[in-house]
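Student: Sending over a structure as structure tokens; questions will come in a sec.
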Amino acid sequence: MAIARLVACFVLYASLGQIPSSAGVTLRTTDKIVWANEFEPIELTCLIESISTNNPRIEWKKIKNGVPSYVYFQNKISGDLEQRAQLREPANILIFNSTRSDTAEYRCEVAAIDDQRDFDEILISLAVRVKPVVPRCSVPEAVTVGTSTELRCLENEGFPAPQYRWFHNNEELPQDPKNSPKLLNSSYSINPDTGGLKFRRVRKEDAGEYYCQAKNDAGHAQCPVQIMEVYDVDILGIFLKCFGAVILFFCLAASLCHYLRRGCFHKKGHNENNYNWPAQTDGVDYGDADEGHFRHKSSFII
């Protein structure tokens, strides 16, 4: 009886063109967090699960750094997505070639004036992956056995931030050298987040070609090959050079002492009197050389 009454009411409303509206507009999406590769297409889904209004108002807004801006308004694409996107039924938005600047939050809003709940919205987060560019590598040209050194690798364009790997003679170096039988005696360590390759004690076997690779989910890039040479410590050469320097020092010191003893560095004074007075044998005192006149000191015998 109740079912018959319900059917009768429905037929009555239908005949009058007044079908009761649904409980309200309801939206959902297939992914609230969406990843895309740069320069590739991506679709943000805004699915209308229930609605009674024939022509609902659909709007899309881009929210970046907390500031909203329209990307679909008054039935046309606008703002950052103009000429790069289109609206697809029922309310999806398709971006033809996503760029790193498209990374933001997007809000789909639907207004249905004939529904009991006449408004609903859904928020979607879009992150655009960016392939790394060629990293900048720094490899020392030459190091000495037993010393410490560091190889560096840096890349600033990739998103998300890339992970770094190092290759030695075209073979990838494991992060832990103990994982390779050939590298059990190695003392290096790799930081995959910063790109640093540190050697605590360089070995002769560490010489060779090195290059670094930066990789994320969008792709990878590597720097050109660089060569690091490793030299032994020349103990004999160092000893001979030091011994030669000591011998040279003593030779110079001996020569200096020899010349000082011979008086080669003594200079005669300009006021020295080199005149020799004749010997006095006749008993007559002719006076001192310093006196300027004759002085009689003994009697003459006639």
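Just remember, in the structure tokens the first chain shown is A, the second B, etc., residues are 1-based per chain, and ligands are 1-based in the order shown.
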Within stretch 49-211 of chain A, find each residue whose DSSP state, derived from the backbone, is helix (DSSP H, G or I), and express the selection as a list in words.
Tutor: Gly79, Asp80, Leu81, Arg100, Ser101, Asp102, Pro177, Lys178, Asn179, Pro181, Lys182, Leu183, Lys204, Glu205 and Asp206 of chain A
Student: Taking N, CA and C atoms for each residue, export the selection above as a PDB file, in the first residue's frame.
Tutor:
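Heads up, here's the output in result_9.pdb:
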```pdb
ATOM      1  N   GLY A  79      43.890  32.183 -16.953  1.00  0.00           N
ATOM      2  CA  GLY A  79      45.049  32.232 -16.067  1.00  0.00           C
ATOM      3  C   GLY A  79      46.232  31.451 -16.594  1.00  0.00           C
ATOM      4  N   ASP A  80      46.901  30.730 -15.698  1.00  0.00           N
ATOM      5  CA  ASP A  80      48.139  30.016 -16.041  1.00  0.00           C
ATOM      6  C   ASP A  80      47.919  28.905 -17.067  1.00  0.00           C
ATOM      7  N   LEU A  81      46.700  28.389 -17.157  1.00  0.00           N
ATOM      8  CA  LEU A  81      46.435  27.248 -18.051  1.00  0.00           C
ATOM      9  C   LEU A  81      45.816  27.670 -19.389  1.00  0.00           C
ATOM     10  N   ARG A 100      56.844  22.852 -14.503  1.00  0.00           N
ATOM     11  CA  ARG A 100      57.156  22.912 -13.074  1.00  0.00           C
ATOM     12  C   ARG A 100      56.353  23.997 -12.367  1.00  0.00           C
ATOM     13  N   SER A 101      55.937  25.029 -13.125  1.00  0.00           N
ATOM     14  CA  SER A 101      55.139  26.098 -12.514  1.00  0.00           C
ATOM     15  C   SER A 101      53.715  25.654 -12.214  1.00  0.00           C
ATOM     16  N   ASP A 102      53.302  24.500 -12.750  1.00  0.00           N
ATOM     17  CA  ASP A 102      51.954  23.990 -12.479  1.00  0.00           C
ATOM     18  C   ASP A 102      51.860  23.290 -11.132  1.00  0.00           C
ATOM     19  N   PRO A 177      81.247   0.003   0.930  1.00  0.00           N
ATOM     20  CA  PRO A 177      82.252  -0.792   0.199  1.00  0.00           C
ATOM     21  C   PRO A 177      82.345  -2.231   0.675  1.00  0.00           C
ATOM     22  N   LYS A 178      81.883  -2.503   1.890  1.00  0.00           N
ATOM     23  CA  LYS A 178      81.945  -3.877   2.404  1.00  0.00           C
ATOM     24  C   LYS A 178      80.991  -4.815   1.672  1.00  0.00           C
ATOM     25  N   ASN A 179      80.073  -4.226   0.881  1.00  0.00           N
ATOM     26  CA  ASN A 179      79.151  -5.066   0.118  1.00  0.00           C
ATOM     27  C   ASN A 179      79.773  -5.632  -1.153  1.00  0.00           C
ATOM     28  N   PRO A 181      83.251  -7.594  -2.680  1.00  0.00           N
ATOM     29  CA  PRO A 181      84.512  -8.258  -2.311  1.00  0.00           C
ATOM     30  C   PRO A 181      85.743  -7.489  -2.790  1.00  0.00           C
ATOM     31  N   LYS A 182      85.629  -6.773  -3.914  1.00  0.00           N
ATOM     32  CA  LYS A 182      86.782  -6.040  -4.439  1.00  0.00           C
ATOM     33  C   LYS A 182      87.077  -4.777  -3.651  1.00  0.00           C
ATOM     34  N   LEU A 183      86.130  -4.332  -2.849  1.00  0.00           N
ATOM     35  CA  LEU A 183      86.281  -3.043  -2.171  1.00  0.00           C
ATOM     36  C   LEU A 183      86.327  -3.179  -0.651  1.00  0.00           C
ATOM     37  N   LYS A 204      96.162   3.079  -4.005  1.00  0.00           N
ATOM     38  CA  LYS A 204      96.572   3.091  -5.411  1.00  0.00           C
ATOM     39  C   LYS A 204      95.424   2.611  -6.295  1.00  0.00           C
ATOM     40  N   GLU A 205      94.620   1.656  -5.777  1.00  0.00           N
ATOM     41  CA  GLU A 205      93.522   1.115  -6.558  1.00  0.00           C
ATOM     42  C   GLU A 205      92.396   2.114  -6.801  1.00  0.00           C
ATOM     43  N   ASP A 206      92.419   3.236  -6.058  1.00  0.00           N
ATOM     44  CA  ASP A 206      91.365   4.237  -6.212  1.00  0.00           C
ATOM     45  C   ASP A 206      91.584   5.143  -7.418  1.00  0.00           C
TER      46      ASP A 206
END
```
Student: Quick one: everything within 6 Å of stretch 31-41 of chain A, counting only C-alpha atoms, minus sequence neighbours fewer than 4 positions away in the same chain. Send it as a PyMOL selection string.
Tutor: chain A and resi 95-99+124-130+218
Student: Create the file for the chosen residues now, containing N, CA and C atoms and written as a PDB file, in the first residue's frame.
Tutor:
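Saved the output as result-v2.pdb:
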```
ATOM      1  N   ILE A  95      45.475  19.018 -18.634  1.00  0.00           N
ATOM      2  CA  ILE A  95      46.604  19.901 -18.949  1.00  0.00           C
ATOM      3  C   ILE A  95      47.427  19.203 -20.030  1.00  0.00           C
ATOM      4  N   PHE A  96      47.627  19.893 -21.169  1.00  0.00           N
ATOM      5  CA  PHE A  96      48.305  19.261 -22.306  1.00  0.00           C
ATOM      6  C   PHE A  96      49.789  19.010 -22.045  1.00  0.00           C
ATOM      7  N   ASN A  97      50.474  20.018 -21.533  1.00  0.00           N
ATOM      8  CA  ASN A  97      51.919  19.887 -21.265  1.00  0.00           C
ATOM      9  C   ASN A  97      52.225  20.564 -19.925  1.00  0.00           C
ATOM     10  N   SER A  98      52.301  19.755 -18.912  1.00  0.00           N
ATOM     11  CA  SER A  98      52.530  20.285 -17.564  1.00  0.00           C
ATOM     12  C   SER A  98      53.955  20.812 -17.431  1.00  0.00           C
ATOM     13  N   THR A  99      54.100  21.876 -16.678  1.00  0.00           N
ATOM     14  CA  THR A  99      55.409  22.466 -16.409  1.00  0.00           C
ATOM     15  C   THR A  99      55.615  22.541 -14.899  1.00  0.00           C
ATOM     16  N   ILE A 124      42.686  19.018  -4.941  1.00  0.00           N
ATOM     17  CA  ILE A 124      43.649  18.082  -5.537  1.00  0.00           C
ATOM     18  C   ILE A 124      45.034  18.731  -5.533  1.00  0.00           C
ATOM     19  N   SER A 125      46.044  17.958  -5.137  1.00  0.00           N
ATOM     20  CA  SER A 125      47.420  18.442  -5.110  1.00  0.00           C
ATOM     21  C   SER A 125      48.180  17.882  -6.312  1.00  0.00           C
ATOM     22  N   LEU A 126      48.763  18.781  -7.105  1.00  0.00           N
ATOM     23  CA  LEU A 126      49.528  18.376  -8.282  1.00  0.00           C
ATOM     24  C   LEU A 126      51.001  18.707  -8.074  1.00  0.00           C
ATOM     25  N   ALA A 127      51.867  17.728  -8.297  1.00  0.00           N
ATOM     26  CA  ALA A 127      53.310  17.924  -8.229  1.00  0.00           C
ATOM     27  C   ALA A 127      53.917  17.478  -9.552  1.00  0.00           C
ATOM     28  N   VAL A 128      54.647  18.361 -10.189  1.00  0.00           N
ATOM     29  CA  VAL A 128      55.244  18.074 -11.487  1.00  0.00           C
ATOM     30  C   VAL A 128      56.714  17.716 -11.293  1.00  0.00           C
ATOM     31  N   ARG A 129      57.073  16.513 -11.689  1.00  0.00           N
ATOM     32  CA  ARG A 129      58.466  16.077 -11.588  1.00  0.00           C
ATOM     33  C   ARG A 129      59.299  16.745 -12.679  1.00  0.00           C
ATOM     34  N   VAL A 130      60.534  17.098 -12.301  1.00  0.00           N
ATOM     35  CA  VAL A 130      61.455  17.736 -13.247  1.00  0.00           C
ATOM     36  C   VAL A 130      62.715  16.882 -13.342  1.00  0.00           C
ATOM     37  N   ALA A 218      61.748  11.379 -12.543  1.00  0.00           N
ATOM     38  CA  ALA A 218      61.544  11.939 -13.885  1.00  0.00           C
ATOM     39  C   ALA A 218      62.655  11.554 -14.851  1.00  0.00           C
TER      40      ALA A 218
END
```
Student: Can you measure atom CA of A:Gly196 to atom CA of A:Asp217 for me? One decimal in Å is fine.
Tutor: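 Result for atom CA of A:Gly196 versus atom CA of A:Asp217: 20.8 Å, one decimal.
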Student: Just to confirm, what's the straight-line distance from atom CA of A:Thr144 to atom CA of A:Gln226 in Å (one decimal)?
Tutor: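 Pair atom CA of A:Thr144 / atom CA of A:Gln226 returns 17.2 Å.
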Student: At a cut-off of 7 Å, using only C-alpha atoms, what residues contact stretch 159-169 of chain A? Leave out same-chain residues fewer than 5 positions from it and give the result as a list in words.
Tutor: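 Using only C-alpha atoms, the neighbours found are Arg129, Val130, Lys131, Pro192, Asp193, Gly195, Gly208, Glu209, Tyr210, Tyr211, Cys212, Gln213, Ala214, Lys215 and Asn216 of chain A.
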Student: In Å, with one decimal, what is the gap from atom CA of A:Ser148 to atom CA of A:Ala207?
Tutor: 13.3 Å
Student: Using only C-alpha atoms, which protein or nucleic acid residues come within 7 Å of A:Gln175? Drop anything in the same chain fewer than 2 positions from it, and give the result as a list in words.
Tutor: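 Residues meeting the cut-off are Leu173, Pro177, Ser189 and Ile190 of chain A.
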Student: Extract the full set of strand (DSSP E or B) residues from stretch 177-273 of chain A according to DSSP on the backbone, and format it as a PyMOL selection string.
Tutor: chain A and resi 188-191+196-199+208-216+219-222+226-231
Student: If we count only C-alpha atoms, what is near A:Arg200 at a cut-off of 8 Å, once residues fewer than 4 positions away on the same chain are taken out, given as a PyMOL selection string?
Tutor: chain A and resi 147-149+187-188
Student: Kindly indicate which residue among A:Asp176, A:Glu157, A:Glu229, A:Asp114 lies nearest to A:Pro135, using only C-alpha atoms for the distances.
Tutor: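 Smallest separation from A:Pro135 among the options: A:Glu157.
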